[in-house]
>>> print(open('work_11.cif').read())   # mmCIF, C-alpha atoms
data_run
#
loop_
_atom_site.label_atom_id
_atom_site.label_comp_id
_atom_site.auth_asym_id
_atom_site.auth_seq_id
_atom_site.Cartn_x
_atom_site.Cartn_y
_atom_site.Cartn_z
CA MET A 1 99.14 -109.58 -69.52
CA ALA A 2 99.12 -113.36 -69.34
CA ASP A 3 102.56 -114.81 -68.63
CA PRO A 4 103.85 -115.88 -72.09
CA ARG A 5 105.84 -118.73 -70.50
CA PHE A 6 102.55 -120.45 -69.72
CA PHE A 7 100.06 -118.86 -72.11
CA PRO A 8 101.47 -118.30 -75.59
CA THR A 9 99.63 -115.69 -77.65
CA SER A 10 98.40 -115.84 -81.21
CA GLY A 11 98.60 -112.05 -81.41
CA PRO A 12 98.82 -109.49 -82.58
CA GLN A 13 95.25 -109.84 -83.84
CA ARG A 14 93.28 -107.31 -85.87
CA LEU A 15 90.53 -105.36 -84.15
CA ALA A 16 88.08 -106.53 -86.82
CA ASP A 17 88.82 -110.18 -86.04
CA ILE A 18 88.59 -109.56 -82.30
CA ALA A 19 85.21 -107.89 -82.70
CA ALA A 20 83.98 -110.75 -84.87
CA ALA A 21 84.99 -113.29 -82.21
CA ALA A 22 82.90 -111.41 -79.63
CA ALA A 23 80.01 -110.64 -82.02
CA ALA A 24 80.61 -107.01 -81.08
CA SER A 25 80.16 -103.76 -82.97
CA PHE A 26 82.80 -101.01 -82.91
CA GLU A 27 83.87 -97.76 -84.49
CA GLY A 28 87.43 -97.21 -85.63
CA ASP A 29 90.26 -98.79 -87.56
CA GLY A 30 89.64 -102.49 -88.00
CA GLU A 31 93.35 -103.03 -88.75
CA ARG A 32 94.46 -101.88 -85.31
CA ARG A 33 96.32 -104.72 -83.54
CA PHE A 34 96.04 -106.20 -80.05
CA THR A 35 98.26 -108.73 -78.31
CA GLY A 36 96.51 -109.79 -75.11
CA VAL A 37 93.79 -109.39 -72.49
CA ALA A 38 93.95 -107.81 -69.05
CA PRO A 39 91.77 -106.28 -66.28
CA LEU A 40 90.77 -102.64 -66.57
CA GLN A 41 93.19 -101.63 -63.82
CA SER A 42 96.30 -103.10 -65.46
CA ALA A 43 95.53 -103.21 -69.17
CA GLY A 44 97.72 -101.32 -71.64
CA PRO A 45 97.09 -99.88 -75.11
CA GLU A 46 97.59 -103.25 -76.81
CA ASP A 47 95.27 -105.12 -74.41
CA VAL A 48 91.57 -105.87 -74.56
CA SER A 49 89.62 -105.58 -71.30
CA PHE A 50 85.95 -105.81 -70.36
CA LEU A 51 83.22 -104.40 -68.11
CA ASP A 52 80.32 -106.65 -67.13
CA ASN A 53 79.27 -105.20 -63.78
CA ARG A 54 78.15 -101.62 -63.21
CA ARG A 55 79.86 -101.64 -59.79
CA TYR A 56 83.18 -101.33 -61.62
CA ALA A 57 82.12 -98.66 -64.09
CA GLN A 58 84.24 -96.06 -62.25
CA LEU A 59 87.35 -97.91 -63.45
CA LEU A 60 86.60 -96.95 -67.04
CA LYS A 61 87.78 -93.38 -66.75
CA ASP A 62 91.31 -94.35 -65.68
CA THR A 63 91.87 -97.49 -67.75
CA LYS A 64 94.68 -97.57 -70.30
CA ALA A 65 93.11 -100.49 -72.20
CA GLY A 66 93.11 -100.20 -75.96
CA ALA A 67 89.71 -101.85 -76.34
CA ILE A 68 86.94 -102.66 -73.87
CA VAL A 69 84.14 -105.17 -74.26
CA LEU A 70 80.97 -103.80 -72.68
CA ALA A 71 77.22 -103.29 -73.04
CA ALA A 72 75.81 -100.36 -74.99
CA PRO A 73 74.86 -98.16 -71.96
CA PHE A 74 78.55 -97.87 -70.98
CA ALA A 75 79.98 -97.17 -74.44
CA ALA A 76 79.91 -93.38 -73.97
CA GLN A 77 82.12 -93.69 -70.87
CA VAL A 78 85.05 -95.29 -72.70
CA PRO A 79 88.06 -92.91 -72.47
CA PRO A 80 89.57 -91.27 -75.57
CA GLY A 81 91.84 -93.56 -77.55
CA ALA A 82 90.07 -96.73 -76.45
CA VAL A 83 87.67 -98.68 -78.62
CA ALA A 84 84.26 -99.72 -77.30
CA LEU A 85 83.40 -103.27 -78.35
CA VAL A 86 79.66 -103.30 -77.79
CA THR A 87 77.84 -106.58 -77.23
CA PRO A 88 74.82 -107.69 -75.17
CA GLN A 89 76.96 -110.31 -73.37
CA PRO A 90 80.30 -108.69 -72.49
CA TYR A 91 81.70 -111.55 -70.39
CA LEU A 92 80.98 -114.14 -73.06
CA GLY A 93 82.44 -111.88 -75.71
CA PHE A 94 85.56 -111.29 -73.63
CA ALA A 95 85.97 -115.04 -73.07
CA ARG A 96 85.93 -115.63 -76.81
CA ILE A 97 88.47 -112.87 -77.40
CA ALA A 98 90.72 -114.34 -74.71
CA ARG A 99 90.55 -117.74 -76.42
CA LEU A 100 91.33 -116.12 -79.80
CA LEU A 101 94.42 -114.44 -78.37
CA HIS A 102 95.44 -117.39 -76.18
CA PRO A 103 94.32 -120.56 -77.98
CA LEU A 104 94.58 -124.01 -76.47
CA PRO A 105 97.74 -125.89 -77.44
CA GLU A 106 97.37 -128.23 -80.37
CA PRO A 107 98.23 -131.91 -79.90
CA LEU A 108 101.72 -133.02 -80.89
CA PRO A 109 100.86 -136.32 -82.59
CA GLY A 110 102.73 -139.39 -81.41
CA ILE A 111 103.18 -141.84 -78.56
CA HIS A 112 105.87 -141.13 -75.98
CA PRO A 113 108.39 -143.99 -75.69
CA THR A 114 107.56 -144.49 -72.00
CA ALA A 115 103.83 -144.96 -72.65
CA VAL A 116 102.36 -148.45 -72.48
CA VAL A 117 99.69 -149.14 -75.10
CA ALA A 118 98.18 -152.63 -74.94
CA PRO A 119 97.84 -154.71 -78.09
CA GLY A 120 94.46 -154.13 -79.66
CA ALA A 121 94.10 -150.57 -78.33
CA VAL A 122 93.40 -147.99 -81.03
CA VAL A 123 94.85 -144.48 -81.00
CA GLY A 124 93.26 -142.08 -83.48
CA PRO A 125 95.19 -139.90 -85.94
CA GLY A 126 96.73 -136.71 -84.63
CA THR A 127 96.51 -137.75 -80.99
CA GLU A 128 99.27 -137.03 -78.48
CA ILE A 129 100.07 -139.71 -75.88
CA GLY A 130 102.33 -138.35 -73.14
CA PRO A 131 104.93 -139.91 -70.83
CA TYR A 132 103.98 -142.93 -68.72
CA VAL A 133 100.44 -143.14 -70.05
CA VAL A 134 98.86 -146.60 -69.75
CA ILE A 135 96.16 -147.64 -72.21
CA GLY A 136 94.39 -150.95 -71.67
CA ALA A 137 93.49 -153.65 -74.16
CA GLY A 138 90.68 -152.81 -76.53
CA ALA A 139 90.54 -149.13 -75.58
CA ARG A 140 89.76 -146.68 -78.36
CA ILE A 141 91.12 -143.11 -78.33
CA GLY A 142 89.69 -140.69 -80.88
CA ALA A 143 91.45 -138.30 -83.24
CA GLY A 144 93.15 -135.11 -82.11
CA CYS A 145 93.18 -135.91 -78.39
CA ILE A 146 95.82 -134.94 -75.84
CA ILE A 147 96.49 -137.58 -73.18
CA HIS A 148 98.90 -136.03 -70.67
CA ALA A 149 101.49 -137.75 -68.49
CA HIS A 150 100.56 -140.57 -66.10
CA VAL A 151 97.00 -140.98 -67.36
CA THR A 152 95.54 -144.47 -66.99
CA ILE A 153 92.86 -145.59 -69.44
CA GLY A 154 91.29 -148.95 -68.67
CA PRO A 155 90.47 -151.81 -71.01
CA ALA A 156 87.68 -151.21 -73.54
CA VAL A 157 87.26 -147.52 -72.61
CA GLU A 158 86.12 -145.35 -75.52
CA ILE A 159 87.22 -141.72 -75.80
CA GLY A 160 85.85 -139.42 -78.50
CA ASP A 161 87.66 -136.99 -80.78
CA GLY A 162 89.30 -133.87 -79.41
CA CYS A 163 89.36 -134.88 -75.75
CA ARG A 164 91.95 -133.62 -73.25
CA LEU A 165 92.93 -135.74 -70.28
CA HIS A 166 95.26 -133.94 -67.90
CA PRO A 167 97.97 -135.57 -65.74
CA HIS A 168 97.09 -138.41 -63.35
CA VAL A 169 93.55 -138.90 -64.63
CA SER A 170 92.16 -142.43 -64.47
CA VAL A 171 89.29 -143.69 -66.61
CA SER A 172 87.68 -147.14 -66.49
CA HIS A 173 84.31 -148.65 -67.45
CA ALA A 174 83.46 -145.49 -69.38
CA ILE A 175 82.51 -144.07 -72.75
CA LEU A 176 83.39 -140.43 -73.40
CA GLY A 177 81.96 -138.22 -76.13
CA GLN A 178 83.90 -135.66 -78.12
CA GLY A 179 85.60 -132.63 -76.60
CA VAL A 180 85.56 -134.01 -73.05
CA VAL A 181 88.07 -132.41 -70.64
CA LEU A 182 89.24 -134.22 -67.49
CA HIS A 183 91.38 -132.07 -65.22
CA PRO A 184 94.30 -133.39 -63.15
CA GLY A 185 93.49 -136.24 -60.81
CA ALA A 186 89.90 -136.77 -61.99
CA ARG A 187 88.63 -140.31 -61.44
CA ILE A 188 86.04 -141.69 -63.81
CA GLY A 189 84.40 -145.11 -63.60
CA GLN A 190 85.64 -146.43 -60.28
CA GLU A 191 83.46 -148.71 -58.16
CA GLY A 192 80.48 -147.00 -56.57
CA PHE A 193 79.81 -146.98 -52.82
CA GLY A 194 77.46 -149.94 -52.57
CA PHE A 195 77.50 -152.76 -50.03
CA ALA A 196 75.25 -155.12 -48.11
CA PRO A 197 75.67 -155.69 -44.33
CA THR A 198 76.08 -159.26 -43.16
CA PRO A 199 74.55 -160.78 -39.99
CA ASP A 200 77.97 -160.83 -38.33
CA GLY A 201 78.51 -157.09 -38.83
CA ARG A 202 80.69 -157.14 -41.93
CA PHE A 203 79.99 -155.55 -45.31
CA GLU A 204 79.95 -157.26 -48.67
CA THR A 205 80.47 -155.12 -51.75
CA MET A 206 77.55 -154.98 -54.15
CA PRO A 207 79.00 -155.58 -57.62
CA GLN A 208 78.98 -152.33 -59.57
CA LEU A 209 78.13 -153.52 -63.07
CA GLY A 210 77.33 -150.27 -64.86
CA ARG A 211 79.33 -147.72 -66.80
CA VAL A 212 79.97 -143.97 -66.89
CA LEU A 213 78.74 -142.13 -69.98
CA LEU A 214 80.10 -138.61 -70.45
CA GLY A 215 78.36 -136.56 -73.12
CA ASP A 216 80.04 -134.25 -75.61
CA PHE A 217 82.00 -131.36 -74.08
CA VAL A 218 81.62 -132.48 -70.47
CA GLU A 219 84.34 -131.09 -68.18
CA VAL A 220 85.33 -132.70 -64.88
CA GLY A 221 87.43 -130.69 -62.42
CA ALA A 222 90.59 -131.68 -60.61
CA ASN A 223 90.25 -134.54 -58.12
CA SER A 224 86.56 -135.01 -58.80
CA CYS A 225 85.09 -138.52 -58.84
CA VAL A 226 82.35 -139.99 -60.99
CA ASP A 227 81.39 -143.51 -59.84
CA ARG A 228 80.19 -146.04 -62.36
CA GLY A 229 76.65 -147.32 -62.13
CA SER A 230 75.56 -150.27 -60.06
CA GLN A 231 72.69 -151.75 -62.10
CA GLY A 232 72.75 -149.27 -64.98
CA ASP A 233 74.86 -146.29 -65.99
CA THR A 234 76.01 -143.02 -64.45
CA VAL A 235 75.39 -140.33 -67.07
CA LEU A 236 76.60 -136.73 -67.35
CA GLY A 237 74.72 -134.99 -70.14
CA PRO A 238 76.32 -132.89 -72.90
CA GLY A 239 78.01 -129.71 -71.71
CA THR A 240 77.80 -130.55 -68.02
CA ARG A 241 80.63 -129.15 -65.87
CA LEU A 242 81.94 -130.34 -62.55
CA ASP A 243 84.21 -128.12 -60.47
CA ASN A 244 87.11 -129.49 -58.42
CA LEU A 245 86.48 -131.99 -55.60
CA VAL A 246 82.97 -132.99 -56.65
CA GLN A 247 81.53 -136.43 -55.87
CA ILE A 248 79.02 -138.03 -58.25
CA GLY A 249 77.54 -141.26 -56.90
CA HIS A 250 76.55 -144.34 -58.84
CA ASN A 251 73.59 -144.10 -61.25
CA VAL A 252 73.39 -140.31 -61.01
CA ARG A 253 72.08 -138.81 -64.23
CA THR A 254 72.35 -135.19 -65.34
CA GLY A 255 70.76 -133.50 -68.30
CA ARG A 256 72.36 -130.92 -70.55
CA GLY A 257 74.48 -128.07 -69.28
CA CYS A 258 74.37 -128.79 -65.55
CA VAL A 259 76.92 -127.14 -63.24
CA VAL A 260 78.12 -128.69 -59.97
CA VAL A 261 80.45 -126.46 -57.94
CA GLY A 262 83.38 -127.47 -55.72
CA GLN A 263 82.95 -129.93 -52.83
CA ALA A 264 79.33 -130.67 -53.69
CA GLY A 265 78.18 -134.28 -53.49
CA ILE A 266 75.31 -136.04 -55.24
CA SER A 267 74.20 -139.39 -53.87
CA GLY A 268 73.31 -142.40 -55.95
CA SER A 269 70.39 -142.53 -58.40
CA THR A 270 69.58 -138.81 -58.17
CA THR A 271 68.57 -137.15 -61.43
CA LEU A 272 69.36 -133.59 -62.43
CA GLU A 273 67.32 -132.36 -65.36
CA ASP A 274 68.68 -129.82 -67.87
CA PHE A 275 70.63 -126.72 -66.76
CA VAL A 276 70.57 -127.38 -63.02
CA THR A 277 73.10 -125.54 -60.83
CA ILE A 278 74.41 -127.08 -57.60
CA ALA A 279 76.48 -124.57 -55.62
CA ALA A 280 79.55 -125.27 -53.49
CA GLN A 281 79.41 -127.80 -50.64
CA ALA A 282 75.77 -128.71 -51.27
CA GLY A 283 74.79 -132.28 -50.52
CA LEU A 284 71.98 -134.20 -52.21
CA THR A 285 70.58 -137.46 -50.87
CA GLY A 286 69.82 -140.35 -53.19
CA HIS A 287 66.88 -141.05 -55.52
CA LEU A 288 65.88 -137.38 -55.91
CA ARG A 289 64.77 -135.48 -59.01
CA ILE A 290 65.96 -131.89 -59.42
CA GLY A 291 63.92 -130.10 -62.06
CA THR A 292 65.09 -128.18 -65.11
CA GLN A 293 66.85 -124.87 -64.29
CA ALA A 294 66.56 -125.41 -60.55
CA ARG A 295 69.33 -123.92 -58.41
CA VAL A 296 70.64 -125.30 -55.12
CA GLY A 297 72.47 -122.80 -52.90
CA ALA A 298 75.85 -123.29 -51.25
CA GLN A 299 75.99 -125.69 -48.29
CA SER A 300 72.39 -126.76 -48.80
CA GLY A 301 71.22 -130.19 -47.69
CA VAL A 302 68.67 -131.42 -50.23
CA MET A 303 66.47 -134.27 -49.01
CA ASN A 304 63.42 -133.89 -51.25
CA ASP A 305 62.72 -133.35 -54.93
CA VAL A 306 63.12 -129.79 -56.23
CA PRO A 307 60.64 -128.52 -58.84
CA ALA A 308 61.83 -126.95 -62.08
CA LYS A 309 63.02 -123.31 -61.94
CA THR A 310 63.06 -123.33 -58.14
CA ASP A 311 65.87 -121.90 -55.99
CA VAL A 312 66.48 -123.62 -52.66
CA MET A 313 68.85 -123.02 -49.74
CA GLY A 314 69.48 -124.29 -46.23
CA SER A 315 69.65 -127.67 -44.55
CA PRO A 316 67.14 -129.13 -44.88
CA SER A 317 66.70 -127.11 -48.04
CA MET A 318 63.67 -124.91 -48.62
CA PRO A 319 62.68 -122.26 -51.19
CA VAL A 320 64.97 -119.26 -50.98
CA ARG A 321 62.36 -116.74 -49.77
CA GLU A 322 61.23 -119.11 -47.03
CA TYR A 323 64.86 -119.65 -46.04
CA TRP A 324 65.58 -115.94 -45.66
CA ARG A 325 62.35 -115.40 -43.70
CA SER A 326 63.47 -118.16 -41.33
CA ILE A 327 66.88 -116.54 -40.92
CA ALA A 328 65.24 -113.18 -40.18
CA ARG A 329 63.05 -114.75 -37.47
CA LEU A 330 66.01 -116.50 -35.90
CA ARG A 331 67.89 -113.21 -35.74
CA LYS A 332 64.94 -111.51 -34.06
CA LEU A 333 64.69 -114.35 -31.54
CA GLY A 334 68.38 -114.03 -30.80
CA ALA A 335 68.14 -110.26 -30.42
CA GLY A 336 65.17 -110.64 -28.07
CA ARG A 337 67.05 -113.03 -25.81
CA ASP A 338 70.03 -110.66 -25.67
CA THR A 339 67.68 -107.86 -24.58
CA GLU A 340 66.07 -110.05 -21.90
CA GLY A 341 69.47 -111.02 -20.57
CA LYS A 342 70.56 -107.39 -20.23
CA ALA A 343 67.30 -106.42 -18.54
CA GLY A 344 67.75 -109.20 -15.95
#
>>> encode(input="work_11.cif", output="C-alpha cells")
Amino acid sequence: MADPRFFPTSGPQRLADIAAAAAASFEGDGERRFTGVAPLQSAGPEDVSFLDNRRYAQLLKDTKAGAIVLAAPFAAQVPPGAVALVTPQPYLGFARIARLLHPLPEPLPGIHPTAVVAPGAVVGPGTEIGPYVVIGAGARIGAGCIIHAHVTIGPAVEIGDGCRLHPHVSVSHAILGQGVVLHPGARIGQEGFGFAPTPDGRFETMPQLGRVLLGDFVEVGANSCVDRGSQGDTVLGPGTRLDNLVQIGHNVRTGRGCVVVGQAGISGSTTLEDFVTIAAQAGLTGHLRIGTQARVGAQSGVMNDVPAKTDVMGSPSMPVREYWRSIARLRKLGAGRDTEGKAG
C-alpha cells in the first residue's frame, strides 16, 4: 500500500471503473471496491496488482491481491477470489489504475505572500504559486499550473496550461507547452557552452541568443539541464522525457516521444528524430542525426549518425550485433592469452 501521508487515495473505487481505466475485461461483481495498488507479494484483498513478465508468474499462486492486471494467457492462473483484469498491455493498464486510485494533487489557486511577481507578469486562473517563487516581468503562466516553492521564472517566459514546476526549478529564455513537468532542480534556458579562444589563451563567450521550446507534456527530470540555443532554438518535441541528471546542449532538437535516461549527454546541434531512446550514461557528439526509433545503449559513445530503427552500443558505438561479436572475440583473445601464460 502506498503511504497515505504522501499519496492520498481516491478510493475505494468500483471494479467496473478500475477495469475501464485499464481498458480491461473481467468477470465478476463490478461493484466490488478497491482502495490501492501493490506488488503481488504484498498486495491484500482490497489491492490491485499486476503481472507483466512471465518470470514472475509463479507469484500468482500465492498472491492475496483482490484483482490482477495481466495478459490473457495468465488469466487461468489467477487464484480463487481474485479478479483477472485482462488487457494486452498490463503495465500500461496498471499505471492508469494507479493514477485513478492515487491522482495527482490539484492546484490550490492563489499566490503565496512570500512570492515575488513582477508587474506585468500574468498568472492564469486556478494556478498555485508557492512560497518564495520569483516571476519576472512579462512572464505568462497558464491556467491550472502548480509552481512549487523557490521556483524562478525569468522575464518574458511563457508557460502553458496545466504545467507543474517542482521546487528550485529555474526557467529563462523559454516557451513551455501545456502539461509540462519540471522536476526539482531542473534548469531550463541557461547559457549554452559556447566560446571562442583568443590569441592570448583566454576564452570569450559566444552570445547564446536562442530559446528553449518545450512541447506539450515534456517532462524533465531532477537536476537536468537544457541549454538555450546559440543561433536558433533548443527544442524538445511533444511527449519527450528526460531522466535525472541529463545534459542537453544548445540547439539540440528532439522529435516526439524521445526518452533520454539518467546521466546521458547530448552535444550541441544534434537532432533526435521521433521516438529515439538514449540509455543511461550515453554520450553523443555534436551535429549528429539519430533516426526515428533508433536506440542507443547504456554508456555508448556516439560519434556518427545513427540510421532509423537501428540499435547501437559501445564506444565508439556500432550496431548491437557487431558490438557483441567484438566482445566475444575479445573474450576469446583474453582466454587464449591466459592459456599461453599457464603453458609457459
>>> residues_around(input="work_11.cif", residues="Tyr323 in chain A", least_positions_apart="4", cutoff="8 Å", atoms="all atoms listed in the file", output="list in words")
Val312, Met313, Gly314, Ser317, Met318, Pro319 and Ile327 of chain A
>>> write_last_selection(input="work_11.cif", atoms="C-alpha atoms", output="PDB file, keeping the file's coordinate frame")
ATOM      1  CA  VAL A 312      66.480-123.620 -52.660  1.00  0.00           C
ATOM      2  CA  MET A 313      68.850-123.020 -49.740  1.00  0.00           C
ATOM      3  CA  GLY A 314      69.480-124.290 -46.230  1.00  0.00           C
ATOM      4  CA  SER A 317      66.700-127.110 -48.040  1.00  0.00           C
ATOM      5  CA  MET A 318      63.670-124.910 -48.620  1.00  0.00           C
ATOM      6  CA  PRO A 319      62.680-122.260 -51.190  1.00  0.00           C
ATOM      7  CA  ILE A 327      66.880-116.540 -40.920  1.00  0.00           C
TER       8      ILE A 327
END
>>> resolve_selection(input="work_11.cif", expression="the PyMOL selection byres ((chain A and resi 270) around 10)", output="PyMOL selection string")
chain A and resi 234+248-254+266-269+271-273+284-290+305
>>> residues_near_point(input="work_11.cif", point="(76.4, -136.5, -69.2)", cutoff="6 Å", atoms="only C-alpha atoms", output="PyMOL selection string")
chain A and resi 214-215+235-238+254
>>> resolve_selection(input="work_11.cif", expression="the PyMOL selection byres ((chain A and resi 153) around 10)", output="list in words")
Val117, Val133, Val134, Ile135, Gly136, Ala137, Ala139, Arg140, Ile141, Ile147, His150, Val151, Thr152, Gly154, Pro155, Ala156, Val157, Glu158, Ile159, Leu165, Val169, Ser170, Val171, Ser172, His173, Ala174 and Ile188 of chain A
>>> resolve_selection(input="work_11.cif", expression="the PyMOL selection byres ((chain A and resi 51) around 10)", output="CSV table (one decimal) with C-alpha atoms, in the frame of the given file")
chain,number,residue,atom,x,y,z
A,39,PRO,CA,91.8,-106.3,-66.3
A,40,LEU,CA,90.8,-102.6,-66.6
A,49,SER,CA,89.6,-105.6,-71.3
A,50,PHE,CA,86.0,-105.8,-70.4
A,52,ASP,CA,80.3,-106.6,-67.1
A,53,ASN,CA,79.3,-105.2,-63.8
A,54,ARG,CA,78.2,-101.6,-63.2
A,55,ARG,CA,79.9,-101.6,-59.8
A,56,TYR,CA,83.2,-101.3,-61.6
A,57,ALA,CA,82.1,-98.7,-64.1
A,59,LEU,CA,87.4,-97.9,-63.4
A,60,LEU,CA,86.6,-97.0,-67.0
A,68,ILE,CA,86.9,-102.7,-73.9
A,69,VAL,CA,84.1,-105.2,-74.3
A,70,LEU,CA,81.0,-103.8,-72.7
A,71,ALA,CA,77.2,-103.3,-73.0
A,74,PHE,CA,78.6,-97.9,-71.0
A,90,PRO,CA,80.3,-108.7,-72.5
A,91,TYR,CA,81.7,-111.6,-70.4
A,94,PHE,CA,85.6,-111.3,-73.6
>>> atom_distance(input="work_11.cif", atom1="CA of Phe193 in chain A", atom2="CA of Gln208 in chain A")
8.7 Å
>>> atom_distance(input="work_11.cif", atom1="CA of Asp3 in chain A", atom2="CA of Thr63 in chain A")
20.4 Å
>>> residues_around(input="work_11.cif", residues="Pro4 in chain A", least_positions_apart="2", cutoff="12 Å", atoms="only C-alpha atoms", output="MDAnalysis selection string")
chainID A and resid 1:2 6:11 35:37 101:102
